[in-house]
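Enquirer: The structure under discussion is supplied below as structure tokens; questions concerning it will follow.
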Amino acid sequence: MVKEAVRLGALSVDHLEATTIEDAEMLAQSETFAVGLPCTGLHLSKPTGGEYANLRRLVDFGAKVAIATNFNPGSSPTMSMPLAIAAAARFCGLTPQEAITACTINAASLLGLKDRGFIAPGARADLILLKHTDERMLAYEMGGDPVDAI
């Protein structure tokens with residue numbers, strides 16, 4: 001459905017576990033966001049490994065990539081963005097910085113929110129303070145609660 005989503009000018013296309021090279025090229029040349037849902041692969045994984053979106057390929061081709069939890073009881077019963085970041089880094093090929101970018105500024109941009117998702121003068125201050133001193137811990141730790149304050 002990537003080809004049809006791009007043809008229709010869809011804002012985003014989600015999951016992407018079976019994305020081909022052609023799909024990645026098409027997304028990179030479009031305004032459609034590629035939304036990876038790494039917790040879905042984690043939840044539905046087989047004993048030999050889950051199916052995960054190749055977000056590394058999408059980033060390398062220049063596609064706009066966001067990640068989300070896909071919170072629902074059938075395929076992803078988690079609301080944990082830190083878990084989504086960790087899974088995106090472990091299984092989808094993103095660096096910790098790319099995974100954080102995918103769920104902050106890129107996710108805000110997907111929603112048309114140009115005044116948030118980043119820290120700068122004049123930006124909306126939707127911030128969380130982490131217990132960690134290194135943001136890469138968001139991708140390293142799995143299942144913890146890294147939030148110190150909102």
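Residue names in the structure tokens use chain letters A, B, ... in the order shown, residue numbers from 1 in each chain, and ligand numbers from 1 in the order shown.
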Please provide as a count of residues only all residues within 12 Å of A:Arg124, with the sequence filter that same-chain residues fewer than 5 positions apart are discarded (counting only C-alpha atoms).
Expert: 9
Enquirer: Using only C-alpha atoms, which protein or nucleic acid residues come within 8 Å of stretch 57-63 of chain A? Drop anything in the same chain fewer than 5 positions from it, and give the result as a ChimeraX atom specification.
Expert: /A:21,24-25,27-30,33-34
Enquirer: Write out, as a CSV table (one decimal), in the first residue's frame, the residues just selected, with all heavy atoms.
Expert:
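Ended up saving to part.csv:
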chain,number,residue,atom,x,y,z
A,21,ILE,N,12.8,-2.1,-1.2
A,21,ILE,CA,13.7,-1.0,-1.6
A,21,ILE,C,12.9,0.0,-2.5
A,21,ILE,O,13.1,1.2,-2.3
A,21,ILE,CB,14.9,-1.6,-2.4
A,21,ILE,CG1,15.8,-2.3,-1.4
A,21,ILE,CG2,15.7,-0.5,-3.1
A,21,ILE,CD1,17.0,-3.1,-2.1
A,24,ALA,N,11.0,2.2,-0.2
A,24,ALA,CA,11.8,3.1,0.5
A,24,ALA,C,12.2,4.3,-0.4
A,24,ALA,O,12.2,5.4,0.0
A,24,ALA,CB,13.1,2.4,1.0
A,25,GLU,N,12.5,4.0,-1.6
A,25,GLU,CA,12.8,5.1,-2.6
A,25,GLU,C,11.6,6.0,-2.8
A,25,GLU,O,11.7,7.2,-2.8
A,25,GLU,CB,13.3,4.5,-3.9
A,25,GLU,CG,14.6,3.8,-3.8
A,25,GLU,CD,15.0,3.1,-5.1
A,25,GLU,OE1,14.1,2.7,-5.9
A,25,GLU,OE2,16.2,2.9,-5.3
A,27,LEU,N,9.0,6.5,-0.8
A,27,LEU,CA,8.8,7.3,0.4
A,27,LEU,C,9.8,8.4,0.5
A,27,LEU,O,9.4,9.6,0.9
A,27,LEU,CB,8.8,6.4,1.7
A,27,LEU,CG,7.6,5.6,1.9
A,27,LEU,CD1,7.8,4.5,3.0
A,27,LEU,CD2,6.4,6.5,2.3
A,28,ALA,N,11.0,8.2,0.2
A,28,ALA,CA,12.1,9.2,0.3
A,28,ALA,C,11.8,10.3,-0.7
A,28,ALA,O,12.2,11.5,-0.4
A,28,ALA,CB,13.4,8.6,0.0
A,29,GLN,N,11.2,10.1,-1.8
A,29,GLN,CA,10.9,11.1,-2.8
A,29,GLN,C,9.5,11.8,-2.6
A,29,GLN,O,9.1,12.6,-3.4
A,29,GLN,CB,11.0,10.5,-4.2
A,29,GLN,CG,12.4,10.0,-4.5
A,29,GLN,CD,12.4,9.2,-5.8
A,29,GLN,OE1,11.4,9.1,-6.5
A,29,GLN,NE2,13.5,8.5,-6.0
A,30,SER,N,8.9,11.4,-1.5
A,30,SER,CA,7.5,12.0,-1.2
A,30,SER,C,7.5,12.8,0.1
A,30,SER,O,8.5,12.9,0.8
A,30,SER,CB,6.5,10.8,-1.1
A,30,SER,OG,6.7,10.2,0.2
A,33,PHE,N,5.2,10.5,5.5
A,33,PHE,CA,6.1,10.0,6.6
A,33,PHE,C,6.0,8.5,6.7
A,33,PHE,O,4.9,7.9,6.5
A,33,PHE,CB,5.6,10.5,8.0
A,33,PHE,CG,6.2,11.9,8.3
A,33,PHE,CD1,5.6,13.0,7.8
A,33,PHE,CD2,7.3,12.0,9.1
A,33,PHE,CE1,6.1,14.3,8.1
A,33,PHE,CE2,7.8,13.2,9.5
A,33,PHE,CZ,7.2,14.4,9.0
A,34,ALA,N,7.1,7.8,7.0
A,34,ALA,CA,7.2,6.4,7.2
A,34,ALA,C,7.2,6.3,8.7
A,34,ALA,O,8.1,6.8,9.4
A,34,ALA,CB,8.5,5.9,6.7
Enquirer: List every residue of stretch 31-79 of chain A that has an atom at most 10 Å from any atom of stretch 5-14 of chain A, and for each one report the closest atom pair and its distance in Å to one decimal, counting only C-alpha atoms, with rows sorted by chain and then by increasing residue number, as JSON lines.
Expert:
{"residue": "A:Glu31", "atom": "CA", "partner": "A:Leu11", "partner_atom": "CA", "distance": 7.3}
{"residue": "A:Thr32", "atom": "CA", "partner": "A:Ser12", "partner_atom": "CA", "distance": 5.0}
{"residue": "A:Phe33", "atom": "CA", "partner": "A:Ser12", "partner_atom": "CA", "distance": 4.4}
{"residue": "A:Ala34", "atom": "CA", "partner": "A:Val13", "partner_atom": "CA", "distance": 5.4}
{"residue": "A:Val35", "atom": "CA", "partner": "A:Asp14", "partner_atom": "CA", "distance": 4.6}
{"residue": "A:Gly36", "atom": "CA", "partner": "A:Asp14", "partner_atom": "CA", "distance": 6.0}
{"residue": "A:Leu37", "atom": "CA", "partner": "A:Asp14", "partner_atom": "CA", "distance": 7.2}
{"residue": "A:Ala53", "atom": "CA", "partner": "A:Asp14", "partner_atom": "CA", "distance": 9.5}
{"residue": "A:Lys64", "atom": "CA", "partner": "A:Ser12", "partner_atom": "CA", "distance": 9.4}
{"residue": "A:Val65", "atom": "CA", "partner": "A:Ser12", "partner_atom": "CA", "distance": 9.4}
{"residue": "A:Ala66", "atom": "CA", "partner": "A:Ser12", "partner_atom": "CA", "distance": 9.2}
{"residue": "A:Ile67", "atom": "CA", "partner": "A:Asp14", "partner_atom": "CA", "distance": 9.0}
{"residue": "A:Ala68", "atom": "CA", "partner": "A:Asp14", "partner_atom": "CA", "distance": 9.3}
{"residue": "A:Asn70", "atom": "CA", "partner": "A:Asp14", "partner_atom": "CA", "distance": 9.2}
Enquirer: Please list as a PDB file with C-alpha atoms, in the first residue's frame every residue within 10 Å of A:Gly144, counting only C-alpha atoms and excluding residues in the same chain fewer than 6 positions away.
Expert:
ATOM      1  CA  SER A  80       6.076   3.062  26.587  1.00  0.00           C
ATOM      2  CA  PRO A  82      11.232   4.499  25.921  1.00  0.00           C
ATOM      3  CA  LEU A  83      10.537   0.870  24.956  1.00  0.00           C
ATOM      4  CA  LEU A 138      16.710   5.666  26.392  1.00  0.00           C
TER       5      LEU A 138
END
Enquirer: Here is a test: counting only C-alpha atoms, which residue of A:Leu130, A:Ala125, A:Leu16, A:Ala99 is nearest to A:Ile85?
Expert: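 Closest candidate: A:Ala99.
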Enquirer: Could you list, as number ranges by chain, every residue within 12 Å of A:Ala149, counting only C-alpha atoms and ignoring same-chain residues fewer than 4 positions away?
Expert: A: 126-132, 145
Enquirer: Using DSSP on the backbone coordinates, identify all residues within chain A classified as strand (DSSP E or B); present the result as a ChimeraX atom specification.
Expert: /A:12-15,33-36,46,49,65-67,72,76,129-130,147-149
Enquirer: Can those selected residues be exported to a file as a PDB file, in the first residue's frame so that it contains N, CA, C and O atoms?
Expert:
ATOM      1  N   SER A  12       0.905   9.777   6.300  1.00  0.00           N
ATOM      2  CA  SER A  12       1.833   8.759   6.789  1.00  0.00           C
ATOM      3  C   SER A  12       1.399   7.382   6.329  1.00  0.00           C
ATOM      4  O   SER A  12       0.256   7.173   5.935  1.00  0.00           O
ATOM      5  N   VAL A  13       2.327   6.470   6.411  1.00  0.00           N
ATOM      6  CA  VAL A  13       2.062   5.054   6.198  1.00  0.00           C
ATOM      7  C   VAL A  13       2.769   4.333   7.343  1.00  0.00           C
ATOM      8  O   VAL A  13       3.904   4.645   7.686  1.00  0.00           O
ATOM      9  N   ASP A  14       2.050   3.403   7.999  1.00  0.00           N
ATOM     10  CA  ASP A  14       2.530   2.796   9.237  1.00  0.00           C
ATOM     11  C   ASP A  14       2.927   1.333   9.058  1.00  0.00           C
ATOM     12  O   ASP A  14       2.599   0.703   8.069  1.00  0.00           O
ATOM     13  N   HIS A  15       3.576   0.819  10.065  1.00  0.00           N
ATOM     14  CA  HIS A  15       4.085  -0.558  10.193  1.00  0.00           C
ATOM     15  C   HIS A  15       5.346  -0.731   9.362  1.00  0.00           C
ATOM     16  O   HIS A  15       6.429  -0.729   9.897  1.00  0.00           O
ATOM     17  N   PHE A  33       5.225  10.475   5.534  1.00  0.00           N
ATOM     18  CA  PHE A  33       6.079   9.979   6.611  1.00  0.00           C
ATOM     19  C   PHE A  33       6.011   8.462   6.679  1.00  0.00           C
ATOM     20  O   PHE A  33       4.936   7.866   6.527  1.00  0.00           O
ATOM     21  N   ALA A  34       7.147   7.846   6.955  1.00  0.00           N
ATOM     22  CA  ALA A  34       7.236   6.419   7.226  1.00  0.00           C
ATOM     23  C   ALA A  34       7.189   6.259   8.744  1.00  0.00           C
ATOM     24  O   ALA A  34       8.052   6.781   9.445  1.00  0.00           O
ATOM     25  N   VAL A  35       6.169   5.573   9.259  1.00  0.00           N
ATOM     26  CA  VAL A  35       6.029   5.416  10.712  1.00  0.00           C
ATOM     27  C   VAL A  35       6.295   3.964  11.085  1.00  0.00           C
ATOM     28  O   VAL A  35       5.538   3.066  10.724  1.00  0.00           O
ATOM     29  N   GLY A  36       7.386   3.771  11.814  1.00  0.00           N
ATOM     30  CA  GLY A  36       7.722   2.451  12.309  1.00  0.00           C
ATOM     31  C   GLY A  36       7.075   2.211  13.661  1.00  0.00           C
ATOM     32  O   GLY A  36       6.945   3.133  14.469  1.00  0.00           O
ATOM     33  N   LYS A  46       8.286 -14.088  16.637  1.00  0.00           N
ATOM     34  CA  LYS A  46       8.305 -15.545  16.589  1.00  0.00           C
ATOM     35  C   LYS A  46       9.541 -16.018  17.356  1.00  0.00           C
ATOM     36  O   LYS A  46      10.443 -15.237  17.613  1.00  0.00           O
ATOM     37  N   GLY A  49      12.592 -14.813  15.788  1.00  0.00           N
ATOM     38  CA  GLY A  49      12.756 -13.365  15.632  1.00  0.00           C
ATOM     39  C   GLY A  49      11.513 -12.724  15.064  1.00  0.00           C
ATOM     40  O   GLY A  49      10.765 -13.351  14.324  1.00  0.00           O
ATOM     41  N   VAL A  65      11.092   9.721   8.804  1.00  0.00           N
ATOM     42  CA  VAL A  65      10.760   8.575   9.644  1.00  0.00           C
ATOM     43  C   VAL A  65      10.308   9.031  11.021  1.00  0.00           C
ATOM     44  O   VAL A  65      10.941   9.888  11.641  1.00  0.00           O
ATOM     45  N   ALA A  66       9.214   8.452  11.485  1.00  0.00           N
ATOM     46  CA  ALA A  66       8.730   8.654  12.853  1.00  0.00           C
ATOM     47  C   ALA A  66       8.521   7.271  13.464  1.00  0.00           C
ATOM     48  O   ALA A  66       8.397   6.279  12.737  1.00  0.00           O
ATOM     49  N   ILE A  67       8.520   7.212  14.795  1.00  0.00           N
ATOM     50  CA  ILE A  67       8.179   5.954  15.463  1.00  0.00           C
ATOM     51  C   ILE A  67       7.078   6.226  16.482  1.00  0.00           C
ATOM     52  O   ILE A  67       6.925   7.342  16.974  1.00  0.00           O
ATOM     53  N   ASN A  72      -2.185  -0.914  21.402  1.00  0.00           N
ATOM     54  CA  ASN A  72      -3.473  -1.594  21.252  1.00  0.00           C
ATOM     55  C   ASN A  72      -3.323  -3.009  21.802  1.00  0.00           C
ATOM     56  O   ASN A  72      -2.219  -3.551  21.843  1.00  0.00           O
ATOM     57  N   SER A  76       0.277  -4.552  20.176  1.00  0.00           N
ATOM     58  CA  SER A  76       1.293  -3.768  20.876  1.00  0.00           C
ATOM     59  C   SER A  76       0.735  -3.212  22.182  1.00  0.00           C
ATOM     60  O   SER A  76       0.426  -2.028  22.279  1.00  0.00           O
ATOM     61  N   LEU A 129      12.217  15.572  31.865  1.00  0.00           N
ATOM     62  CA  LEU A 129      13.577  15.494  32.376  1.00  0.00           C
ATOM     63  C   LEU A 129      13.850  14.033  32.704  1.00  0.00           C
ATOM     64  O   LEU A 129      13.033  13.368  33.349  1.00  0.00           O
ATOM     65  N   LEU A 130      14.970  13.547  32.255  1.00  0.00           N
ATOM     66  CA  LEU A 130      15.316  12.150  32.445  1.00  0.00           C
ATOM     67  C   LEU A 130      16.175  11.943  33.681  1.00  0.00           C
ATOM     68  O   LEU A 130      16.934  12.830  34.077  1.00  0.00           O
ATOM     69  N   VAL A 147      11.848   8.712  33.355  1.00  0.00           N
ATOM     70  CA  VAL A 147      11.354  10.078  33.543  1.00  0.00           C
ATOM     71  C   VAL A 147      11.535  10.508  34.983  1.00  0.00           C
ATOM     72  O   VAL A 147      11.075   9.852  35.927  1.00  0.00           O
ATOM     73  N   ASP A 148      12.191  11.649  35.155  1.00  0.00           N
ATOM     74  CA  ASP A 148      12.370  12.237  36.475  1.00  0.00           C
ATOM     75  C   ASP A 148      11.282  13.281  36.754  1.00  0.00           C
ATOM     76  O   ASP A 148      10.747  13.335  37.854  1.00  0.00           O
ATOM     77  N   ALA A 149      10.961  14.102  35.742  1.00  0.00           N
ATOM     78  CA  ALA A 149       9.944  15.135  35.892  1.00  0.00           C
ATOM     79  C   ALA A 149       9.388  15.505  34.530  1.00  0.00           C
ATOM     80  O   ALA A 149      10.049  15.346  33.509  1.00  0.00           O
TER      81      ALA A 149
END
Enquirer: For the alpha helix (DSSP H) assignment from backbone DSSP, which residues of chain A qualify? Please present them as JSON, numbers by chain.
Expert: {"A": [2, 3, 4, 5, 6, 7, 8, 21, 22, 23, 24, 25, 26, 27, 28, 38, 39, 40, 41, 42, 43, 55, 56, 57, 58, 59, 60, 61, 81, 82, 83, 84, 85, 86, 87, 88, 89, 90, 91, 96, 97, 98, 99, 100, 101, 102, 103, 105, 106, 107, 108, 109, 110, 137, 138, 139, 140]}
Enquirer: Would you mind telling me which residue in A:Ile100, A:Ala120, A:Cys39, A:Ala107 lies nearest to A:Ala84 when using only C-alpha atoms?
Expert: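 Of A:Ile100, A:Ala120, A:Cys39, A:Ala107, the one nearest A:Ala84, counting only C-alpha atoms, is A:Cys39.
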Enquirer: Determine the nearest neighbour of A:Leu55 from the options A:Met1, A:Ala87, A:Ala102, A:Cys92, counting only C-alpha atoms.
Expert: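 Closest to A:Leu55, using only C-alpha atoms: A:Cys92.
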Enquirer: By how many Å are atom CA of A:Pro96 and atom CA of A:Glu51 apart?
Expert: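 Going from atom CA of A:Pro96 over to atom CA of A:Glu51 covers 19.8 Å.
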Enquirer: If you measure from atom CA of A:Tyr140 to atom CA of A:Glu17, what distance in Å do you get, rounded to one decimal?
Expert: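 A separation of 22.3 Å between them.
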